[in-house]
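Q: Have a look at this one before I ask anything.
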Amino acid sequence: GARRLNKRYAELTPIIATFRSWKQTGEDIETARELSAEEPEFAAEVKELEARREELTEKLRLLLVPRDPSDDKDVILEIKAGEGGDESALFAGDLLRMYLRYAERVGWKTELIQANESDLGGYKDVQVAVKTKGGGGATEPGQGVW
């Protein structure tokens, strides 16, 4: 009922706002083009508005990509060092740190489940629980995809 409707409204609001900005920017481009025929300083504004329109087009395209039903689910991230011994284990450690920083940046909680460290500070294998709390801070489609 109301909860599902509120969720759908929250999903559609950024799409509608972006579309309105995209549409307004198109109208502004036409106005600036007309004015630039008489006053050349408007030509620079046309270029700025066209760049803004391209950004909005890309944002709108991303917002319209269907959401994966798994986007809001928690996951267990497992990283295993491959062939290559210490270098591979160091790379696995770097990869883990990158994922942990990303998770922190978007507001996800992480919890180390199991880790088998290498001698030089990397990981032979490691498992981490990633709790998104229904998407956490991820607001852009695809932002939660690793």
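Convention: chains lettered A, B, ... in structure tokens order; per-chain residue numbering from 1; ligands numbered from 1 as shown.
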Among segment 11-144 of chain A, which ones does DSSP place in strand (DSSP E), written as a list in words?

A: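 DSSP on the backbone gives strand (DSSP E) at Val75, Ile76, Leu77, Glu78, Ile79, Lys80, Lys109, Thr110, Glu111, Leu112, Ile113, Gln114, Ala115, Asn116, Glu117, Tyr123, Lys124, Asp125, Val126, Gln127, Val128, Ala129, Val130 and Lys131 of chain A.
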
Q: Write the residues of the preceding selection, restricted to N, CA and C atoms, as a CSV table (one decimal), in the first residue's frame.

A:
chain,number,residue,atom,x,y,z
A,75,VAL,N,25.8,-8.4,0.9
A,75,VAL,CA,26.6,-9.4,0.2
A,75,VAL,C,27.8,-9.8,1.1
A,76,ILE,N,28.4,-10.9,0.7
A,76,ILE,CA,29.7,-11.3,1.3
A,76,ILE,C,30.7,-11.2,0.1
A,77,LEU,N,31.7,-10.3,0.4
A,77,LEU,CA,32.7,-10.1,-0.6
A,77,LEU,C,33.9,-11.1,-0.3
A,78,GLU,N,34.3,-11.8,-1.2
A,78,GLU,CA,35.4,-12.7,-1.0
A,78,GLU,C,36.5,-12.4,-2.0
A,79,ILE,N,37.7,-12.2,-1.5
A,79,ILE,CA,38.9,-12.0,-2.4
A,79,ILE,C,39.9,-13.0,-2.1
A,80,LYS,N,40.4,-13.7,-3.2
A,80,LYS,CA,41.4,-14.7,-3.1
A,80,LYS,C,42.6,-14.3,-3.9
A,109,LYS,N,28.2,-0.5,5.7
A,109,LYS,CA,29.0,-1.0,6.8
A,109,LYS,C,29.7,-2.3,6.4
A,110,THR,N,30.9,-2.5,6.9
A,110,THR,CA,31.6,-3.7,6.5
A,110,THR,C,32.1,-4.4,7.8
A,111,GLU,N,32.2,-5.7,7.7
A,111,GLU,CA,32.6,-6.5,8.8
A,111,GLU,C,33.5,-7.7,8.3
A,112,LEU,N,34.7,-7.7,8.9
A,112,LEU,CA,35.6,-8.8,8.5
A,112,LEU,C,35.1,-10.1,9.0
A,113,ILE,N,34.9,-11.1,8.2
A,113,ILE,CA,34.4,-12.4,8.6
A,113,ILE,C,35.6,-13.3,8.8
A,114,GLN,N,36.5,-13.4,7.9
A,114,GLN,CA,37.6,-14.3,7.9
A,114,GLN,C,38.8,-13.8,7.1
A,115,ALA,N,40.0,-13.9,7.5
A,115,ALA,CA,41.1,-13.4,6.8
A,115,ALA,C,42.3,-14.3,7.0
A,116,ASN,N,43.0,-14.6,5.9
A,116,ASN,CA,44.2,-15.4,5.9
A,116,ASN,C,45.3,-14.5,5.3
A,117,GLU,N,46.1,-13.9,6.2
A,117,GLU,CA,47.0,-12.9,5.8
A,117,GLU,C,48.3,-13.5,5.3
A,123,TYR,N,46.8,-10.5,1.5
A,123,TYR,CA,45.8,-11.5,1.9
A,123,TYR,C,45.9,-12.7,1.0
A,124,LYS,N,46.0,-13.9,1.5
A,124,LYS,CA,45.8,-15.1,0.7
A,124,LYS,C,44.4,-15.2,0.3
A,125,ASP,N,43.5,-15.0,1.3
A,125,ASP,CA,42.1,-14.9,1.1
A,125,ASP,C,41.4,-14.2,2.2
A,126,VAL,N,40.3,-13.5,1.9
A,126,VAL,CA,39.6,-12.7,2.9
A,126,VAL,C,38.1,-12.6,2.6
A,127,GLN,N,37.3,-12.7,3.6
A,127,GLN,CA,35.8,-12.5,3.4
A,127,GLN,C,35.4,-11.4,4.3
A,128,VAL,N,34.5,-10.5,3.6
A,128,VAL,CA,34.0,-9.3,4.3
A,128,VAL,C,32.5,-9.3,4.1
A,129,ALA,N,31.7,-9.1,5.1
A,129,ALA,CA,30.3,-8.8,5.0
A,129,ALA,C,30.1,-7.4,4.7
A,130,VAL,N,29.2,-7.1,3.6
A,130,VAL,CA,28.9,-5.7,3.3
A,130,VAL,C,27.4,-5.5,3.5
A,131,LYS,N,27.1,-4.6,4.4
A,131,LYS,CA,25.7,-4.3,4.7
A,131,LYS,C,25.3,-3.0,4.1

Q: Determine, counting only C-alpha atoms, which protein, DNA and RNA residues have an atom within 12 Å of an atom of Leu12 of chain A; residues of the same chain fewer than 4 positions away are not included. Present the result as a ChimeraX atom specification.

A: /A:5-8,16-19,60,63-64,66-67

Q: Mind checking which residues fall within 12 Å of Thr25 of chain A, counting only C-alpha atoms, ignoring those fewer than 2 positions away in the same chain, and posting them as a PyMOL selection string?

A: chain A and resi 18-23+27-32+45-57

Q: I need the alpha helix (DSSP H) residues of segment 42-120 of chain A per DSSP on the backbone, written as number ranges by chain.

A: A: 42-63, 85-105

Q: State, in Å with one decimal place, the distance from atom CA of Met98 of chain A to atom CA of Ile15 of chain A.

A: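 That distance, rounded to one decimal, is 29.9 Å.
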
Q: Please compute the atom CA of Ser88 of chain A-atom CA of Leu120 of chain A distance, one decimal, in Å.

A: 10.8 Å

Q: Just want the 12 Å neighbourhood of Lys133 of chain A, counted on only C-alpha atoms, with same-chain residues fewer than 5 positions away dropped. Output as a ChimeraX atom specification.

A: /A:71-75,103,106-110,138,144

Q: Go ahead and dump the residues you just picked, N, CA, C and O atoms, as a PDB file, in the first residue's frame.

A:
ATOM      1  N   ASP A  71      20.088  -5.027  -5.838  1.00  0.00           N
ATOM      2  CA  ASP A  71      20.848  -3.833  -5.465  1.00  0.00           C
ATOM      3  C   ASP A  71      20.780  -3.516  -3.971  1.00  0.00           C
ATOM      4  O   ASP A  71      21.719  -2.974  -3.411  1.00  0.00           O
ATOM      5  N   ASP A  72      19.655  -3.806  -3.325  1.00  0.00           N
ATOM      6  CA  ASP A  72      19.481  -3.438  -1.927  1.00  0.00           C
ATOM      7  C   ASP A  72      19.871  -4.549  -0.960  1.00  0.00           C
ATOM      8  O   ASP A  72      19.665  -4.415   0.244  1.00  0.00           O
ATOM      9  N   LYS A  73      20.413  -5.632  -1.469  1.00  0.00           N
ATOM     10  CA  LYS A  73      20.727  -6.767  -0.601  1.00  0.00           C
ATOM     11  C   LYS A  73      22.166  -6.722  -0.118  1.00  0.00           C
ATOM     12  O   LYS A  73      23.055  -6.222  -0.802  1.00  0.00           O
ATOM     13  N   ASP A  74      22.382  -7.255   1.091  1.00  0.00           N
ATOM     14  CA  ASP A  74      23.723  -7.366   1.632  1.00  0.00           C
ATOM     15  C   ASP A  74      24.473  -8.467   0.888  1.00  0.00           C
ATOM     16  O   ASP A  74      23.870  -9.368   0.318  1.00  0.00           O
ATOM     17  N   VAL A  75      25.809  -8.384   0.906  1.00  0.00           N
ATOM     18  CA  VAL A  75      26.625  -9.381   0.215  1.00  0.00           C
ATOM     19  C   VAL A  75      27.809  -9.786   1.079  1.00  0.00           C
ATOM     20  O   VAL A  75      28.160  -9.101   2.042  1.00  0.00           O
ATOM     21  N   ALA A 103      33.006   1.323   0.030  1.00  0.00           N
ATOM     22  CA  ALA A 103      31.861   1.020   0.896  1.00  0.00           C
ATOM     23  C   ALA A 103      31.671   2.118   1.935  1.00  0.00           C
ATOM     24  O   ALA A 103      30.551   2.566   2.186  1.00  0.00           O
ATOM     25  N   VAL A 106      30.140   5.361   0.392  1.00  0.00           N
ATOM     26  CA  VAL A 106      28.710   5.356   0.074  1.00  0.00           C
ATOM     27  C   VAL A 106      27.845   4.998   1.277  1.00  0.00           C
ATOM     28  O   VAL A 106      26.643   4.845   1.151  1.00  0.00           O
ATOM     29  N   GLY A 107      28.450   4.868   2.452  1.00  0.00           N
ATOM     30  CA  GLY A 107      27.675   4.680   3.674  1.00  0.00           C
ATOM     31  C   GLY A 107      27.342   3.244   4.013  1.00  0.00           C
ATOM     32  O   GLY A 107      26.430   2.993   4.795  1.00  0.00           O
ATOM     33  N   TRP A 108      28.064   2.287   3.442  1.00  0.00           N
ATOM     34  CA  TRP A 108      27.823   0.884   3.753  1.00  0.00           C
ATOM     35  C   TRP A 108      28.695   0.461   4.922  1.00  0.00           C
ATOM     36  O   TRP A 108      29.805   0.963   5.109  1.00  0.00           O
ATOM     37  N   LYS A 109      28.206  -0.470   5.706  1.00  0.00           N
ATOM     38  CA  LYS A 109      28.961  -1.023   6.829  1.00  0.00           C
ATOM     39  C   LYS A 109      29.668  -2.296   6.360  1.00  0.00           C
ATOM     40  O   LYS A 109      29.113  -3.065   5.578  1.00  0.00           O
ATOM     41  N   THR A 110      30.878  -2.494   6.853  1.00  0.00           N
ATOM     42  CA  THR A 110      31.615  -3.716   6.509  1.00  0.00           C
ATOM     43  C   THR A 110      32.053  -4.411   7.789  1.00  0.00           C
ATOM     44  O   THR A 110      32.267  -3.764   8.820  1.00  0.00           O
ATOM     45  N   ALA A 138      24.186   4.832  -1.619  1.00  0.00           N
ATOM     46  CA  ALA A 138      24.204   4.745  -3.073  1.00  0.00           C
ATOM     47  C   ALA A 138      22.944   5.385  -3.639  1.00  0.00           C
ATOM     48  O   ALA A 138      21.854   4.939  -3.378  1.00  0.00           O
ATOM     49  N   GLY A 144      26.241   0.899  -6.796  1.00  0.00           N
ATOM     50  CA  GLY A 144      26.464  -0.220  -5.885  1.00  0.00           C
ATOM     51  C   GLY A 144      27.068  -1.433  -6.579  1.00  0.00           C
ATOM     52  O   GLY A 144      27.244  -2.448  -5.971  1.00  0.00           O
TER      53      GLY A 144
END

Q: Could you please determine the separation between atom CA of Ser36 of chain A and atom CA of Lys59 of chain A in Å, to one decimal place?

A: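 Straight-line distance from atom CA of Ser36 of chain A to atom CA of Lys59 of chain A works out to 27.7 Å.
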